[in-house]
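Undergrad: Okay, here's the structure, questions in a sec.
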Amino acid sequence: MIKAMWNGAEIAKSEDTVIVENTQYFPKDDVNMDFLKETDHHTTCPWKGFASYYTIEVDGKSNENAAWYYKEPKEGAEVVKDRIAFWKGVEIIEE
């Protein structure tokens, strides 16, 4: 079981993560979307494509653009479709 924790809250928990470039990608269905707020921040990965971001909000604290996803990943990167990854202090714990 893999968990994503931030500010004392369990943001995600899954037995079905995939690792891409040393980053755990959680199935969207295993992420507590109540903690995530879509932002207008975007980046582009040369091989995965256009990334969109969420800010994590827990107990009045915000971690801006700390989660991302690829809505329509490029060919060859389909493994990340419908998955969310975390960074910026989000702790990934393997149990």
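Residues in the structure tokens are named by chain (A, B, ... in the order shown) and by number from 1 within that chain; ligands are numbered from 1 in the order shown.
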Taking the backbone alone, and naming residues the way the document does, which bits of region 35-86 of chain A are strand (DSSP E or B) by DSSP, as number ranges by chain?
TA: A: 36-45, 49-58, 61-69, 83-86
Undergrad: Could you turn the residues from that selection into a file that holds C-alpha atoms, as a PDB file, in the first residue's frame?
TA:
ATOM      1  CA  LEU A  36      -7.436  19.164  -4.323  1.00  0.00           C
ATOM      2  CA  LYS A  37      -8.329  22.383  -6.087  1.00  0.00           C
ATOM      3  CA  GLU A  38      -7.621  22.766  -9.814  1.00  0.00           C
ATOM      4  CA  THR A  39      -5.297  25.636 -10.740  1.00  0.00           C
ATOM      5  CA  ASP A  40      -4.573  27.343 -14.038  1.00  0.00           C
ATOM      6  CA  HIS A  41      -0.893  26.311 -13.880  1.00  0.00           C
ATOM      7  CA  HIS A  42       0.392  24.063 -16.685  1.00  0.00           C
ATOM      8  CA  THR A  43       3.698  22.676 -17.842  1.00  0.00           C
ATOM      9  CA  THR A  44       4.782  20.524 -20.761  1.00  0.00           C
ATOM     10  CA  CYS A  45       6.874  17.374 -20.585  1.00  0.00           C
ATOM     11  CA  GLY A  49       2.704  15.996 -22.783  1.00  0.00           C
ATOM     12  CA  PHE A  50       0.655  18.819 -21.250  1.00  0.00           C
ATOM     13  CA  ALA A  51       0.378  18.694 -17.431  1.00  0.00           C
ATOM     14  CA  SER A  52      -2.310  20.364 -15.333  1.00  0.00           C
ATOM     15  CA  TYR A  53      -1.995  21.061 -11.603  1.00  0.00           C
ATOM     16  CA  TYR A  54      -3.903  21.037  -8.327  1.00  0.00           C
ATOM     17  CA  THR A  55      -3.262  22.941  -5.119  1.00  0.00           C
ATOM     18  CA  ILE A  56      -3.613  20.784  -2.001  1.00  0.00           C
ATOM     19  CA  GLU A  57      -5.658  22.368   0.795  1.00  0.00           C
ATOM     20  CA  VAL A  58      -5.718  20.847   4.285  1.00  0.00           C
ATOM     21  CA  LYS A  61      -3.074  25.486   4.641  1.00  0.00           C
ATOM     22  CA  SER A  62      -2.310  25.399   0.920  1.00  0.00           C
ATOM     23  CA  ASN A  63       0.436  23.672  -1.043  1.00  0.00           C
ATOM     24  CA  GLU A  64       0.239  25.411  -4.401  1.00  0.00           C
ATOM     25  CA  ASN A  65       0.546  23.270  -7.537  1.00  0.00           C
ATOM     26  CA  ALA A  66       1.704  20.275  -5.481  1.00  0.00           C
ATOM     27  CA  ALA A  67      -0.168  17.674  -7.546  1.00  0.00           C
ATOM     28  CA  TRP A  68      -0.294  17.190 -11.297  1.00  0.00           C
ATOM     29  CA  TYR A  69      -1.841  15.020 -13.973  1.00  0.00           C
ATOM     30  CA  ARG A  83      -3.393   9.249 -12.507  1.00  0.00           C
ATOM     31  CA  ILE A  84      -2.176  11.988 -10.172  1.00  0.00           C
ATOM     32  CA  ALA A  85       1.359  12.583  -8.887  1.00  0.00           C
ATOM     33  CA  PHE A  86       2.592  14.710  -5.978  1.00  0.00           C
TER      34      PHE A  86
END
Undergrad: Can you tell me which residues surround Asp59 (chain A) at a distance of at most 10 Å, considering only C-alpha atoms, apart from same-chain residues fewer than 3 positions away, and format the answer as JSON, numbers by chain?
TA: {"A": [7, 8, 9, 35, 62]}
Undergrad: Those residues with N, CA and C atoms, as a tab-separated table (two decimals), in the first residue's frame please?
TA:
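File written: out07.tsv
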chain	number	residue	atom	x	y	z
A	7	ASN	N	0.48	17.64	5.50
A	7	ASN	CA	-0.10	18.40	6.61
A	7	ASN	C	-0.98	17.51	7.49
A	8	GLY	N	-0.55	16.27	7.69
A	8	GLY	CA	-1.27	15.35	8.56
A	8	GLY	C	-2.45	14.65	7.92
A	9	ALA	N	-2.72	14.91	6.66
A	9	ALA	CA	-3.88	14.30	5.99
A	9	ALA	C	-3.43	13.28	4.95
A	35	PHE	N	-9.41	17.32	-1.11
A	35	PHE	CA	-8.24	18.10	-0.74
A	35	PHE	C	-7.63	18.87	-1.91
A	62	SER	N	-2.35	25.71	2.35
A	62	SER	CA	-2.31	25.40	0.92
A	62	SER	C	-0.90	25.05	0.48
Undergrad: I want to know what sits within 10 Å of Ala77 (chain A), based on only C-alpha atoms, with residues of the same chain fewer than 6 positions away left out; could you give that as a list in words?
TA: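 That gives Val20, Trp47, Lys48, Gly49 and Tyr70 of chain A.
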Undergrad: DSSP on the backbone, helix (DSSP H, G or I) only: what residues of region 1-75 of chain A does that give? Format it as a list of chain:residue names.
TA: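 The residues of region 1-75 of chain A classed as helix (DSSP H, G or I) are A:Lys28, A:Asp29, A:Asp30, A:Met33, A:Asp34, A:Phe35.
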Undergrad: Here is a test: counting only C-alpha atoms, which residue of A:Ile93, A:Lys28, A:Asp34, A:Lys88 is nearest to Lys71 (chain A)?
TA: A:Lys28
Undergrad: Hey, which of A:Glu21, A:Glu10, A:Asn32, A:Met1 ends up closest to Val90 (chain A)? Count only C-alpha atoms.
TA: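 Looking only at the distances to Val90 (chain A), the closest residue turns out to be A:Glu10.
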Undergrad: List the spatial neighbours of Pro27 (chain A) as a list in words - criterion: any atom at most 7 Å away, only C-alpha atoms, same-chain residues fewer than 3 positions off excluded.
TA: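 Using only C-alpha atoms, the neighbours found are Asp16, Thr17, Asp30, Val31, Asp82, Arg83 and Ile84 of chain A.
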Undergrad: For N, CA and C atoms, I'd like the residues from the last selection saved as a PDB file, in the first residue's frame.
TA:
ATOM      1  N   ASP A  16      -2.247   0.357  -6.384  1.00  0.00           N
ATOM      2  CA  ASP A  16      -2.136   0.326  -7.845  1.00  0.00           C
ATOM      3  C   ASP A  16      -1.413   1.556  -8.388  1.00  0.00           C
ATOM      4  N   THR A  17      -0.326   1.977  -7.729  1.00  0.00           N
ATOM      5  CA  THR A  17       0.437   3.099  -8.265  1.00  0.00           C
ATOM      6  C   THR A  17       1.380   2.596  -9.353  1.00  0.00           C
ATOM      7  N   ASP A  30      -8.262   6.722  -6.374  1.00  0.00           N
ATOM      8  CA  ASP A  30      -7.667   6.473  -5.058  1.00  0.00           C
ATOM      9  C   ASP A  30      -7.162   7.755  -4.385  1.00  0.00           C
ATOM     10  N   VAL A  31      -7.499   8.902  -4.962  1.00  0.00           N
ATOM     11  CA  VAL A  31      -7.093  10.204  -4.422  1.00  0.00           C
ATOM     12  C   VAL A  31      -8.321  10.875  -3.821  1.00  0.00           C
ATOM     13  N   ASP A  82      -5.263   9.261 -16.271  1.00  0.00           N
ATOM     14  CA  ASP A  82      -6.171   9.095 -15.136  1.00  0.00           C
ATOM     15  C   ASP A  82      -5.434   8.831 -13.828  1.00  0.00           C
ATOM     16  N   ARG A  83      -4.213   9.383 -13.712  1.00  0.00           N
ATOM     17  CA  ARG A  83      -3.393   9.249 -12.507  1.00  0.00           C
ATOM     18  C   ARG A  83      -2.890  10.614 -12.069  1.00  0.00           C
ATOM     19  N   ILE A  84      -2.634  10.730 -10.769  1.00  0.00           N
ATOM     20  CA  ILE A  84      -2.176  11.988 -10.172  1.00  0.00           C
ATOM     21  C   ILE A  84      -0.872  11.736  -9.427  1.00  0.00           C
TER      22      ILE A  84
END
Undergrad: For CA of Glu72 (chain A) and CA of Asn22 (chain A), quote the distance in Å rounded to one decimal.
TA: 20.7 Å
Undergrad: In Å, rounded to a single decimal, give me how far CA of Val80 (chain A) is from CA of Glu94 (chain A).
TA: 19.5 Å
Undergrad: Between CA of Ala12 (chain A) and CA of Tyr25 (chain A), what distance in Å does the model show, to one decimal?
TA: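 Value for the CA of Ala12 (chain A)-CA of Tyr25 (chain A) distance: 10.1 Å.
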